[in-house]
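*Asks:* So here's final.cif (mmCIF, C-alpha atoms and all ligand atoms).
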data_structure
loop_
_atom_site.label_atom_id
_atom_site.label_comp_id
_atom_site.auth_asym_id
_atom_site.auth_seq_id
_atom_site.Cartn_x
_atom_site.Cartn_y
_atom_site.Cartn_z
CA MET I 1166 0.00 0.00 0.00
CA PRO I 1167 2.65 2.56 -0.99
CA ASP I 1168 0.28 5.50 -1.48
CA SER I 1169 -2.13 5.03 1.36
CA SER I 1170 -1.96 5.46 5.09
CA PRO I 1171 -4.48 3.11 6.68
CA PRO I 1172 -5.23 3.82 10.32
CA ARG I 1173 -3.38 1.50 12.71
CA TRP I 1174 -6.54 -0.38 13.79
CA LEU I 1175 -7.33 -1.17 10.14
CA PHE I 1176 -3.80 -2.38 9.47
CA GLY I 1177 -3.99 -4.49 12.64
CA SER I 1178 -7.24 -6.13 11.49
CA TYR I 1179 -5.73 -6.77 8.07
CA VAL I 1180 -2.67 -8.49 9.58
CA GLN I 1181 -4.92 -10.55 11.87
CA SER I 1182 -7.14 -11.66 8.99
CA GLU I 1183 -4.10 -12.54 6.84
CA LEU I 1184 -2.76 -14.71 9.67
CA THR I 1185 -6.14 -16.42 10.06
CA ARG I 1186 -6.27 -17.08 6.32
CA ALA I 1187 -2.69 -18.42 6.22
CA VAL I 1188 -3.46 -20.82 9.08
CA ARG I 1189 -6.71 -21.94 7.44
CA GLU I 1190 -5.03 -22.60 4.09
CA ALA I 1191 -1.90 -24.25 5.52
CA ASP I 1192 -1.05 -27.91 5.12
CA PRO I 1193 -3.20 -29.82 7.65
CA ARG I 1194 -0.07 -31.51 9.02
CA SER I 1195 1.22 -28.13 10.21
CA SER I 1196 -0.06 -26.28 13.26
CA LEU I 1197 0.23 -22.90 14.95
CA ARG I 1198 0.25 -22.57 18.73
CA HIS I 1199 0.30 -19.16 20.41
CA ILE I 1200 1.85 -19.42 23.86
CA LYS I 1201 0.90 -16.39 25.92
CA ALA I 1202 4.08 -16.14 27.97
CA SER I 1203 7.49 -14.51 27.73
CA ALA I 1204 10.56 -16.34 26.55
CA VAL I 1205 12.97 -15.98 29.45
CA ASP I 1206 15.95 -18.07 28.42
CA MET I 1207 17.31 -20.13 25.57
CA LEU I 1208 19.72 -23.01 25.04
CA THR I 1209 21.04 -23.87 21.61
CA GLY I 1210 22.88 -26.89 20.29
CA PRO I 1211 23.39 -28.68 16.99
CA SER I 1212 20.30 -30.81 17.52
CA GLY I 1213 17.88 -28.02 18.42
CA VAL I 1214 16.83 -25.07 20.50
CA CYS I 1215 15.20 -25.05 23.95
CA VAL I 1216 13.29 -21.98 25.13
CA GLY I 1217 12.23 -21.49 28.74
CA THR I 1218 9.07 -19.47 29.29
CA SER I 1219 7.79 -17.28 32.11
CA ASP I 1220 5.07 -19.85 32.88
CA GLY I 1221 7.63 -22.57 33.43
CA GLN I 1222 7.46 -24.42 30.11
CA GLN I 1223 10.48 -25.75 28.23
CA LEU I 1224 9.81 -25.53 24.50
CA LEU I 1225 11.92 -27.73 22.25
CA ALA I 1226 12.32 -26.85 18.58
CA ASP I 1227 14.45 -27.83 15.61
CA GLU I 1228 14.76 -24.16 14.64
CA ALA I 1229 13.87 -20.84 16.26
CA VAL I 1230 13.46 -17.29 14.98
CA LEU I 1231 14.15 -14.14 17.02
CA ALA I 1232 11.34 -11.77 15.99
CA THR I 1233 11.48 -9.76 19.18
CA GLY I 1234 10.58 -6.47 17.51
CA VAL I 1235 11.23 -3.05 18.87
CA PHE I 1236 12.38 -2.32 22.42
CA GLN I 1237 11.70 0.99 24.06
CA SER I 1238 14.74 3.08 24.92
CA GLU I 1239 15.38 4.11 28.51
CA PRO I 1240 14.62 7.75 29.41
CA SER I 1241 17.60 10.07 28.95
CA ALA I 1242 19.57 11.36 31.95
CA THR I 1243 17.94 14.77 31.39
CA GLU I 1244 14.51 13.20 31.82
CA ALA I 1245 15.48 11.33 35.02
CA PRO I 1246 14.35 14.08 37.48
CA ILE I 1247 10.80 14.02 36.07
CA ILE I 1248 10.49 10.32 35.36
CA ASN I 1249 7.81 9.78 38.04
CA ASP I 1250 6.11 13.15 37.53
CA HIS I 1251 2.49 12.82 36.39
CA ARG I 1252 3.09 15.70 33.92
CA TYR I 1253 5.79 13.76 32.07
CA VAL I 1254 4.94 11.23 29.35
CA ALA I 1255 7.78 8.81 28.59
CA ASN I 1256 5.77 6.71 26.16
CA PRO I 1257 3.96 8.82 23.54
CA TRP I 1258 1.45 5.99 22.92
CA ASP I 1259 0.41 5.82 26.57
CA SER I 1260 -3.22 6.82 26.18
CA ALA I 1261 -3.92 7.42 29.87
CA ALA I 1262 -0.84 9.64 30.22
CA LEU I 1263 -1.90 11.76 27.22
CA ASP I 1264 -5.44 12.00 28.67
CA ARG I 1265 -3.94 13.62 31.77
CA LEU I 1266 -2.43 16.42 29.65
CA ALA I 1267 -5.53 17.13 27.54
CA GLY I 1268 -6.57 20.19 29.58
CA SER I 1269 -3.11 21.76 29.88
CA ARG I 1270 -1.96 24.93 28.13
CA GLN I 1271 1.72 24.56 27.23
CA LEU I 1272 3.31 21.28 26.19
CA LEU I 1273 6.96 20.60 25.48
CA LEU I 1274 7.52 17.87 22.89
CA ILE I 1275 11.11 16.59 22.76
CA GLY I 1276 11.75 15.36 19.20
CA SER I 1277 10.29 16.47 15.88
CA SER I 1278 9.83 13.27 13.90
CA LEU I 1279 7.04 10.71 13.52
CA SER I 1280 6.39 10.31 17.27
CA MET I 1281 5.87 14.07 17.53
CA VAL I 1282 3.29 13.91 14.72
CA ASP I 1283 1.56 11.02 16.49
CA VAL I 1284 1.43 12.97 19.77
CA VAL I 1285 0.02 16.12 18.15
CA ALA I 1286 -2.61 14.03 16.32
CA SER I 1287 -3.49 12.23 19.57
CA MET I 1288 -3.72 15.44 21.59
CA GLU I 1289 -5.82 17.20 18.95
CA ALA I 1290 -8.17 14.21 18.93
CA ARG I 1291 -8.49 14.72 22.71
CA GLY I 1292 -9.59 18.33 22.17
CA PHE I 1293 -6.32 19.87 23.38
CA LYS I 1294 -6.51 23.62 22.85
CA GLY I 1295 -3.10 24.65 24.19
CA SER I 1296 0.19 25.12 22.39
CA TYR I 1297 3.11 22.87 21.52
CA ARG I 1298 6.76 23.83 21.80
CA VAL I 1299 8.84 21.33 19.86
CA VAL I 1300 12.58 21.03 20.31
CA SER I 1301 14.93 18.69 18.47
CA ARG I 1302 18.68 18.61 17.89
CA ARG I 1303 18.55 19.73 14.25
CA GLY I 1304 15.09 21.22 14.17
CA GLN I 1305 14.19 19.18 11.10
CA ILE I 1306 10.49 18.48 10.89
CA VAL I 1307 9.26 15.32 9.25
CA GLU I 1308 7.09 15.98 6.18
CA PRO I 1309 3.80 14.42 5.12
CA ARG I 1310 3.98 11.65 2.55
CA ARG I 1311 3.00 12.86 -0.93
CA ASN I 1312 1.97 10.67 -3.83
CA THR I 1313 5.16 10.97 -5.81
CA GLU I 1314 6.74 8.83 -8.49
CA ALA I 1315 10.18 7.42 -7.70
CA TRP I 1316 12.96 9.49 -9.30
CA ARG I 1317 15.10 7.90 -12.05
CA ASP I 1318 17.07 4.91 -10.82
CA PHE I 1319 20.47 6.57 -10.73
CA LEU I 1320 22.03 3.65 -8.83
CA ALA I 1321 21.16 0.99 -11.40
CA GLY I 1322 23.76 -0.33 -13.82
CA ARG I 1323 26.79 1.13 -12.04
CA PRO I 1324 29.12 0.06 -9.24
CA LEU I 1325 27.45 1.12 -5.99
CA PRO I 1326 29.24 3.79 -3.95
CA LYS I 1327 31.18 2.22 -1.09
CA THR I 1328 31.69 5.28 1.07
CA THR I 1329 29.30 7.67 2.78
CA ARG I 1330 31.03 10.57 1.08
CA ALA I 1331 30.62 9.06 -2.42
CA LEU I 1332 26.97 8.26 -1.76
CA LEU I 1333 26.31 11.75 -0.46
CA ALA I 1334 27.93 13.34 -3.53
CA LEU I 1335 25.74 11.24 -5.84
CA VAL I 1336 22.57 12.00 -3.89
CA LYS I 1337 23.31 15.73 -3.82
CA ALA I 1338 23.76 15.75 -7.60
CA GLU I 1339 20.43 13.94 -8.04
CA ARG I 1340 18.75 16.34 -5.63
CA ARG I 1341 19.93 19.26 -7.78
CA ALA I 1342 18.66 17.49 -10.91
CA ILE I 1343 15.24 16.97 -9.28
CA GLU I 1344 15.08 20.63 -8.36
CA ALA I 1345 16.08 21.68 -11.87
CA ALA I 1346 13.34 19.44 -13.28
CA GLY I 1347 10.80 21.04 -10.93
CA LEU I 1348 9.92 17.69 -9.37
CA ASP I 1349 9.26 16.60 -5.79
CA TRP I 1350 12.33 15.57 -3.74
CA GLN I 1351 10.22 12.83 -2.15
CA GLY I 1352 10.86 10.79 -5.29
CA LEU I 1353 14.53 10.51 -4.28
CA PRO I 1354 14.22 8.35 -1.12
CA LEU I 1355 11.77 6.15 -3.05
CA THR I 1356 14.56 5.44 -5.55
CA ILE I 1357 17.26 4.93 -2.92
CA ARG I 1358 15.29 2.71 -0.54
CA PRO I 1359 15.33 -0.51 -2.61
CA TRP I 1360 19.13 -0.14 -2.79
CA ILE I 1361 19.69 0.30 0.95
CA LEU I 1362 20.36 -3.39 1.59
CA ALA I 1363 22.98 -3.63 -1.17
CA LEU I 1364 24.55 -0.29 -0.21
CA TRP I 1365 24.70 -1.24 3.47
CA GLN I 1366 26.02 -4.72 2.90
CA GLY I 1367 28.62 -3.42 0.42
CA ALA I 1368 30.01 -0.93 2.95
CA THR I 1369 32.58 -1.51 5.69
CA ASP I 1370 31.58 -1.17 9.35
CA LYS I 1371 33.59 2.06 9.46
CA GLU I 1372 31.52 3.55 6.63
CA ARG I 1373 28.28 2.24 8.14
CA LEU I 1374 29.12 4.00 11.39
CA LYS I 1375 29.98 7.17 9.49
CA PHE I 1376 26.57 7.02 7.84
CA ALA I 1377 24.87 6.41 11.19
CA ARG I 1378 26.73 9.31 12.82
CA HIS I 1379 26.44 11.94 10.10
CA LEU I 1380 23.57 11.08 7.76
CA ARG I 1381 21.14 8.98 9.77
CA ALA I 1382 19.06 11.94 10.96
CA PHE I 1383 18.73 13.26 7.38
CA TRP I 1384 17.88 9.83 6.02
CA ASP I 1385 15.30 9.16 8.73
CA VAL I 1386 13.52 12.45 8.24
CA THR I 1387 13.33 12.04 4.45
CA ALA I 1388 12.71 8.30 4.15
CA HIS I 1389 10.16 7.99 6.95
CA ARG I 1390 7.44 10.49 6.16
CA ALA I 1391 4.28 11.16 8.11
CA ALA I 1392 0.84 9.82 7.30
CA PRO I 1393 -1.02 12.78 5.72
CA PRO I 1394 -4.10 12.62 8.01
CA SER I 1395 -1.87 12.85 11.11
CA PHE I 1396 0.28 15.57 9.62
CA GLU I 1397 -2.83 17.64 8.84
CA ARG I 1398 -3.31 18.00 12.60
CA VAL I 1399 0.20 19.43 12.93
CA ALA I 1400 -0.38 21.79 10.00
CA LEU I 1401 -3.64 22.97 11.58
CA ALA I 1402 -1.93 23.67 14.92
CA GLN I 1403 0.85 25.50 13.05
CA SER I 1404 -1.66 27.65 11.15
CA GLN I 1405 -3.37 28.54 14.44
CA GLY I 1406 -0.04 29.65 15.93
CA ARG I 1407 -0.19 26.82 18.48
CA TRP I 1408 2.88 24.91 17.27
CA ALA I 1409 6.43 26.27 17.35
CA GLY I 1410 9.54 24.24 16.65
CA GLY I 1411 13.23 24.91 16.90
CA ALA I 1412 16.68 23.34 16.90
CA GLY I 1413 18.06 23.04 20.38
CA ARG I 1414 19.04 20.82 23.23
CA VAL I 1415 17.15 20.26 26.45
CA LEU I 1416 19.82 20.68 29.11
CA ALA I 1417 17.71 20.08 32.20
CA LEU I 1418 14.14 19.47 33.34
CA HIS I 1419 13.07 20.57 36.84
CA PRO I 1420 9.75 19.51 38.36
CA GLU I 1421 8.26 22.51 40.16
CA ALA I 1422 4.87 23.18 41.72
CA GLY I 1423 3.70 25.41 38.86
CA GLY I 1424 4.99 23.24 36.02
CA ILE I 1425 8.06 21.54 34.62
CA VAL I 1426 10.85 24.02 33.93
CA ALA I 1427 12.98 23.18 30.90
CA GLU I 1428 16.39 24.67 30.26
CA ILE I 1429 16.89 24.72 26.50
CA ARG I 1430 20.00 25.79 24.61
CA TRP I 1431 18.88 27.02 21.18
CA ARG I 1432 21.20 26.00 18.39
CA ASP I 1433 21.15 29.24 16.35
CA SER I 1434 21.79 31.75 19.12
CA GLY I 1435 23.49 29.51 21.67
CA ALA I 1436 21.28 31.18 24.28
CA VAL I 1437 19.89 29.14 27.17
CA GLU I 1438 16.22 29.77 27.89
CA ARG I 1439 14.22 28.63 30.94
CA LEU I 1440 10.64 27.84 29.97
CA ARG I 1441 7.77 26.50 32.06
CA PHE I 1442 5.46 23.78 30.71
CA ASP I 1443 2.33 22.06 31.99
CA GLY I 1444 3.50 18.81 30.48
CA VAL I 1445 6.48 17.22 28.71
CA VAL I 1446 6.22 14.39 26.18
CA SER I 1447 9.28 12.49 25.06
CA CYS I 1448 9.08 11.99 21.28
CA ARG I 1449 12.70 10.91 20.88
CA GLY I 1450 11.93 7.87 18.76
CA HIS I 1451 11.88 5.25 21.48
CA GLN I 1452 13.58 2.52 19.55
CA GLU I 1453 16.62 1.09 21.29
CA HIS I 1454 18.76 -0.65 18.69
CA ASP I 1455 21.80 -1.32 20.87
CA TRP I 1456 21.10 -4.70 22.46
CA ARG I 1457 23.66 -3.99 25.20
CA ARG I 1458 21.37 -1.23 26.45
CA ILE I 1459 18.13 -3.22 26.39
CA ALA I 1460 17.09 -4.07 29.95
CA ASP I 1461 14.88 -7.03 28.89
CA PRO I 1462 16.10 -10.16 30.78
CA PHE I 1463 15.69 -12.45 27.74
CA VAL I 1464 17.87 -10.17 25.61
CA GLN I 1465 20.43 -9.83 28.40
CA GLY I 1466 20.53 -13.63 28.81
CA LEU I 1467 21.10 -14.18 25.09
CA LEU I 1468 24.08 -11.81 25.20
CA GLU I 1469 25.50 -13.09 28.50
CA ASN I 1470 25.30 -16.72 27.40
CA GLY I 1471 26.94 -15.97 24.06
CA ILE I 1472 23.94 -17.11 22.02
CA VAL I 1473 24.02 -13.77 20.23
CA ARG I 1474 26.57 -11.00 20.02
CA PRO I 1475 26.05 -7.32 19.25
CA HIS I 1476 26.54 -6.33 15.63
CA ALA I 1477 29.87 -4.57 15.08
CA THR I 1478 28.04 -1.30 14.41
CA GLY I 1479 26.22 -1.54 17.75
CA PHE I 1480 22.85 -1.84 15.97
CA GLY I 1481 21.04 -5.10 16.72
CA ILE I 1482 22.78 -8.47 16.63
CA ASP I 1483 25.31 -10.13 14.39
CA ALA I 1484 23.93 -12.44 11.73
CA THR I 1485 24.67 -13.53 8.19
CA HIS I 1486 23.12 -11.52 5.36
CA ASP I 1487 20.20 -13.94 5.26
CA GLY I 1488 19.46 -13.70 8.99
CA GLN I 1489 21.27 -16.73 10.46
CA VAL I 1490 22.28 -15.66 13.95
CA ILE I 1491 26.00 -15.64 14.81
CA SER I 1492 26.97 -16.67 18.34
CA GLY I 1493 29.25 -14.86 20.80
CA ASP I 1494 32.21 -16.93 19.60
CA GLY I 1495 31.53 -16.22 15.94
CA ARG I 1496 29.77 -19.45 14.89
CA THR I 1497 26.70 -19.43 12.69
CA HIS I 1498 24.07 -21.34 14.66
CA GLY I 1499 22.37 -22.85 11.63
CA ASN I 1500 19.14 -23.35 13.60
CA LEU I 1501 18.64 -19.88 15.07
CA PHE I 1502 17.45 -17.04 12.85
CA ALA I 1503 16.41 -13.41 13.25
CA ILE I 1504 14.07 -11.08 11.42
CA GLY I 1505 13.18 -7.40 11.62
CA HIS I 1506 14.54 -5.07 14.28
CA PRO I 1507 17.33 -7.37 15.56
CA LEU I 1508 18.86 -7.20 12.05
CA ARG I 1509 19.22 -3.42 12.04
CA GLY I 1510 23.04 -3.65 11.85
CA VAL I 1511 22.91 -6.36 9.17
CA ALA I 1512 20.44 -4.63 6.87
CA TRP I 1513 19.98 -1.07 8.20
CA GLU I 1514 16.38 -0.62 7.03
CA SER I 1515 14.92 -3.55 8.92
CA SER I 1516 12.23 -1.88 11.00
CA SER I 1517 9.46 -1.31 8.48
CA ILE I 1518 6.87 -3.57 7.00
CA GLY I 1519 8.26 -3.34 3.43
CA GLU I 1520 11.69 -4.69 4.34
CA GLN I 1521 10.29 -7.12 6.91
CA LEU I 1522 7.96 -8.64 4.33
CA ALA I 1523 10.90 -9.33 1.99
CA GLN I 1524 12.87 -10.78 4.92
CA ALA I 1525 9.95 -13.00 5.93
CA ILE I 1526 9.58 -14.45 2.43
CA ALA I 1527 13.33 -15.09 2.17
CA LEU I 1528 13.48 -16.58 5.69
CA ALA I 1529 10.56 -18.93 4.97
CA GLY I 1530 12.50 -20.27 1.97
CA LEU I 1531 15.66 -20.62 4.04
CA LEU I 1532 13.84 -22.46 6.84
CA VAL I 1533 12.32 -24.93 4.44
CA GLY I 1534 15.83 -25.48 3.03
CA VAL I 1535 17.47 -26.21 6.40
CA SER I 1536 14.63 -28.03 8.13
CA PRO I 1537 13.94 -31.64 7.11
CA ARG I 1538 10.59 -31.51 8.94
CA LEU I 1539 9.46 -28.35 7.13
CA ARG I 1540 10.68 -29.78 3.82
CA THR I 1541 8.18 -32.60 4.08
CA LEU I 1542 5.40 -29.98 4.15
CA ALA I 1543 6.73 -27.87 1.29
C1 LIG I 1601 4.77 3.55 17.24
C2 LIG I 1601 5.32 2.78 16.09
C3 LIG I 1601 4.78 3.00 14.84
C4 LIG I 1601 5.24 2.29 13.75
N1 LIG I 1601 4.68 2.53 12.54
C5 LIG I 1601 5.12 1.85 11.48
C6 LIG I 1601 4.54 2.06 10.20
O1 LIG I 1601 3.64 2.89 10.05
N2 LIG I 1601 5.00 1.34 9.15
C7 LIG I 1601 6.00 0.42 9.31
O2 LIG I 1601 6.38 -0.21 8.32
N3 LIG I 1601 6.56 0.21 10.50
C8 LIG I 1601 6.16 0.88 11.59
N4 LIG I 1601 6.74 0.68 12.80
C9 LIG I 1601 7.80 -0.30 12.89
C10 LIG I 1601 7.22 -1.60 13.41
O3 LIG I 1601 7.90 -1.87 14.60
C11 LIG I 1601 7.38 -2.76 12.46
O4 LIG I 1601 7.02 -2.46 11.17
C12 LIG I 1601 6.61 -4.03 12.87
O5 LIG I 1601 5.60 -3.81 13.80
C13 LIG I 1601 7.60 -4.93 13.50
O6 LIG I 1601 7.02 -6.19 13.57
P1 LIG I 1601 7.70 -7.28 14.44
O7 LIG I 1601 6.74 -8.42 14.51
O8 LIG I 1601 9.08 -7.57 13.97
O9 LIG I 1601 7.87 -6.60 15.88
P2 LIG I 1601 6.77 -6.16 16.92
O10 LIG I 1601 5.53 -5.74 16.25
O11 LIG I 1601 7.47 -5.20 17.83
O12 LIG I 1601 6.45 -7.50 17.69
C14 LIG I 1601 7.42 -8.18 18.49
C15 LIG I 1601 6.70 -9.14 19.37
O13 LIG I 1601 7.65 -9.93 20.08
C16 LIG I 1601 7.22 -10.02 21.42
N5 LIG I 1601 8.37 -10.33 22.29
C17 LIG I 1601 9.52 -9.62 22.45
N6 LIG I 1601 10.32 -10.24 23.35
C18 LIG I 1601 9.66 -11.35 23.75
C19 LIG I 1601 9.94 -12.39 24.69
N7 LIG I 1601 11.08 -12.43 25.40
N8 LIG I 1601 9.03 -13.36 24.85
C20 LIG I 1601 7.87 -13.36 24.15
N9 LIG I 1601 7.54 -12.41 23.26
C21 LIG I 1601 8.42 -11.42 23.08
C22 LIG I 1601 6.59 -8.67 21.71
O14 LIG I 1601 5.75 -8.73 22.83
C23 LIG I 1601 5.83 -8.44 20.43
O15 LIG I 1601 4.58 -9.07 20.46
C24 LIG I 1601 6.29 1.36 13.91
C25 LIG I 1601 6.84 1.15 15.18
C26 LIG I 1601 6.36 1.86 16.26
C27 LIG I 1601 6.97 1.64 17.62
#
Take the structure from the file and write it as structure tokens.

*Replies:*
Amino acid sequence: MPDSSPPRWLFGSYVQSELTRAVREADPRSSLRHIKASAVDMLTGPSGVCVGTSDGQQLLADEAVLATGVFQSEPSATEAPIINDHRYVANPWDSAALDRLAGSRQLLLIGSSLSMVDVVASMEARGFKGSYRVVSRRGQIVEPRRNTEAWRDFLAGRPLPKTTRALLALVKAERRAIEAAGLDWQGLPLTIRPWILALWQGATDKERLKFARHLRAFWDVTAHRAAPPSFERVALAQSQGRWAGGAGRVLALHPEAGGIVAEIRWRDSGAVERLRFDGVVSCRGHQEHDWRRIADPFVQGLLENGIVRPHATGFGIDATHDGQVISGDGRTHGNLFAIGHPLRGVAWESSSIGEQLAQAIALAGLLVGVSPRLRTLA
């Protein structure tokens, strides 16, 4: 659905109905069992995988897939003094917490990307009449998705650039060409995105880290655009003078009786301003990609027991290009696989449905190839 933005509930129902259909149409010798418990530990060996669950079961399997999804990042040190304050919202999808702020006048939103758009849309839906002050490091605001054709495929039929600098030079030249042609720049990320896997896997870890350090913010804000209906809420608040954004850094947050006082250093002037807010919402993105910083006990156990190791870039875990997990001592398990978010360092764009769908199809083929039991069903 490249040109549409279905509401989340509709997408959820669609996924549920697709799963139901897949189960109904599957070979009758196969079965699906949903165990409503957490995986708490794992043992691996050449003959299989054993997963311990929070309800005391030991699940034995020939193969296992880590599809653990996204983990929420811990609040920043700046946010620590207000972490238990009822006027602070750490999770922008916490409905009850947003309800509490609906009647307030001044909100500080930290971050200006998709989570910020979600929060503004959610607050507007709650009848919030106050104003938003939005602060982010670079002050770049995500844009709404427009129905644009992909730009010409300038990466096809040539050796792919191997360095961040070479890629940037190429992209800048194409950006100028788009401008000269009077076309929409949003066609450019559409052209680049299908090449991300090849570009990422053709680069060294040093170049990948350079990209992550210097270009990630630009890539994220151009590749991941906002759903138009949500962005309309931001545009409306802007037009009513209720939304103001800027580049800056929140230096400190102090909980006081009359509000939360934020000390913000603005990037342009370097001046530090003290501003009082009725509420603060963290819109920093919330995805923790560094497995060493994920507090989840299952993840910690996998690392401590050497079943997985962090990817050299620090994003997700180490695995082969096709998602076979590599152990702490550098062996490919052969019966343990990963998909989606854990493969961020292996594939870079691994957090969205488009890439995850391609990974799922490829992984299904791989599993049938390695698993004698699955092969009998294929
Ligand atoms: C707010 C938000 C909005 C997003 N919007 C989009 C979007 O519009 N388009 C898009 O393409 N992508 C979006 N994404 C990215 C999204 O995460 C993925 O596209 C997709 O949901 C990932 O699917 P997944 O199954 O890999 O992970 P998830 O959907 O995160 O599911 C992982 C599952 O694993 C379970 N789990 C984790 N650890 C354990 C354990 N130890 N034991 C048992 N179960 C465990 C979790 O409970 C969860 O059910 C969004 C992400 C967020 C956070």

*Asks:* Which residues, written as a PyMOL selection string, have at least one atom at most 7 Å from I:Thr1243, with all atoms listed in the file counted and residues fewer than 5 positions away on the same chain left out?

*Replies:* chain I and resi 1416-1418

*Asks:* For a cutoff of 9 Å around the file-coordinate point (14.3, 10.8, 1.0), which residues qualify once you count only C-alpha atoms? I'd like the result as a PyMOL selection string.

*Replies:* chain I and resi 1350-1358+1383-1390

*Asks:* List every residue of chain I that has an atom at most 9 Å from any atom of ligand LIG 1601 (chain I), giving for each one its closest atom pair and the distance in Å to one decimal, counting all atoms listed in the file, sorted by chain and then by ascending residue number, as a tab-separated table.

*Replies:*
residue	atom	partner	partner_atom	distance
I:Ser1170	CA	I:LIG1601	O1	7.9
I:Pro1171	CA	I:LIG1601	O1	8.8
I:Pro1172	CA	I:LIG1601	O1	8.9
I:Arg1173	CA	I:LIG1601	O1	7.6
I:Ile1200	CA	I:LIG1601	C20	8.5
I:Lys1201	CA	I:LIG1601	C20	7.8
I:Ala1202	CA	I:LIG1601	C20	6.1
I:Ser1203	CA	I:LIG1601	N8	3.5
I:Ala1204	CA	I:LIG1601	N8	3.8
I:Val1205	CA	I:LIG1601	N7	5.7
I:Asp1206	CA	I:LIG1601	N7	8.0
I:Thr1218	CA	I:LIG1601	N8	7.6
I:Ser1219	CA	I:LIG1601	N8	8.3
I:Leu1231	CA	I:LIG1601	O13	8.3
I:Ala1232	CA	I:LIG1601	O8	5.2
I:Thr1233	CA	I:LIG1601	C17	3.8
I:Gly1234	CA	I:LIG1601	O9	3.2
I:Val1235	CA	I:LIG1601	O11	4.5
I:Phe1236	CA	I:LIG1601	O11	7.3
I:Gln1237	CA	I:LIG1601	C27	8.0
I:Pro1257	CA	I:LIG1601	C1	8.3
I:Trp1258	CA	I:LIG1601	C1	7.0
I:Leu1279	CA	I:LIG1601	C3	8.1
I:Ser1280	CA	I:LIG1601	C1	7.0
I:Asp1283	CA	I:LIG1601	C1	8.2
I:His1389	CA	I:LIG1601	N2	8.7
I:Ala1391	CA	I:LIG1601	O1	8.5
I:Ala1392	CA	I:LIG1601	O1	8.0
I:Gly1450	CA	I:LIG1601	C27	8.0
I:His1451	CA	I:LIG1601	C27	7.2
I:Gln1452	CA	I:LIG1601	C27	6.9
I:Asp1461	CA	I:LIG1601	N7	7.5
I:Pro1462	CA	I:LIG1601	N7	7.7
I:Phe1463	CA	I:LIG1601	N7	5.2
I:Val1464	CA	I:LIG1601	N7	7.2
I:Ile1504	CA	I:LIG1601	O8	6.6
I:Gly1505	CA	I:LIG1601	O8	4.7
I:His1506	CA	I:LIG1601	O8	6.0
I:Pro1507	CA	I:LIG1601	O8	8.4
I:Ser1515	CA	I:LIG1601	O4	8.3
I:Ser1516	CA	I:LIG1601	C9	5.1
I:Ser1517	CA	I:LIG1601	O2	3.3
I:Ile1518	CA	I:LIG1601	O2	3.6
I:Gly1519	CA	I:LIG1601	O2	6.1
I:Glu1520	CA	I:LIG1601	O2	8.0
I:Gln1521	CA	I:LIG1601	O4	7.1

*Asks:* Could you take the residues named above and write them with C-alpha atoms, as a compact mmCIF listing (two decimals), in the coordinates of the input?

*Replies:*
# COMPACT_ATOMS: atom_id res chain seq x y z
CA SER I 1170 -1.96 5.46 5.09
CA PRO I 1171 -4.48 3.11 6.68
CA PRO I 1172 -5.23 3.82 10.32
CA ARG I 1173 -3.38 1.50 12.71
CA ILE I 1200 1.85 -19.42 23.86
CA LYS I 1201 0.90 -16.39 25.92
CA ALA I 1202 4.08 -16.14 27.97
CA SER I 1203 7.49 -14.51 27.73
CA ALA I 1204 10.56 -16.34 26.55
CA VAL I 1205 12.97 -15.98 29.45
CA ASP I 1206 15.95 -18.07 28.42
CA THR I 1218 9.07 -19.47 29.29
CA SER I 1219 7.79 -17.28 32.11
CA LEU I 1231 14.15 -14.14 17.02
CA ALA I 1232 11.34 -11.77 15.99
CA THR I 1233 11.48 -9.76 19.18
CA GLY I 1234 10.58 -6.47 17.51
CA VAL I 1235 11.23 -3.05 18.87
CA PHE I 1236 12.38 -2.32 22.42
CA GLN I 1237 11.70 0.99 24.06
CA PRO I 1257 3.96 8.82 23.54
CA TRP I 1258 1.45 5.99 22.92
CA LEU I 1279 7.04 10.71 13.52
CA SER I 1280 6.39 10.31 17.27
CA ASP I 1283 1.56 11.02 16.49
CA HIS I 1389 10.16 7.99 6.95
CA ALA I 1391 4.28 11.16 8.11
CA ALA I 1392 0.84 9.82 7.30
CA GLY I 1450 11.93 7.87 18.76
CA HIS I 1451 11.88 5.25 21.48
CA GLN I 1452 13.58 2.52 19.55
CA ASP I 1461 14.88 -7.03 28.89
CA PRO I 1462 16.10 -10.16 30.78
CA PHE I 1463 15.69 -12.45 27.74
CA VAL I 1464 17.87 -10.17 25.61
CA ILE I 1504 14.07 -11.08 11.42
CA GLY I 1505 13.18 -7.40 11.62
CA HIS I 1506 14.54 -5.07 14.28
CA PRO I 1507 17.33 -7.37 15.56
CA SER I 1515 14.92 -3.55 8.92
CA SER I 1516 12.23 -1.88 11.00
CA SER I 1517 9.46 -1.31 8.48
CA ILE I 1518 6.87 -3.57 7.00
CA GLY I 1519 8.26 -3.34 3.43
CA GLU I 1520 11.69 -4.69 4.34
CA GLN I 1521 10.29 -7.12 6.91

*Asks:* Find the spatial neighbours of stretch 1259-1275 of chain I, counting only C-alpha atoms, within a cut-off of 6 Å - ignore same-chain residues fewer than 2 positions away - and output them as a PyMOL selection string.

*Replies:* chain I and resi 1256-1257+1293+1295-1300+1442-1448

*Asks:* Can you tell me, as a count of residues only, what residues are no more than 9 Å from I:Val1214 when counting all atoms listed in the file, ignoring any on the same chain fewer than 2 positions away?

*Replies:* 15
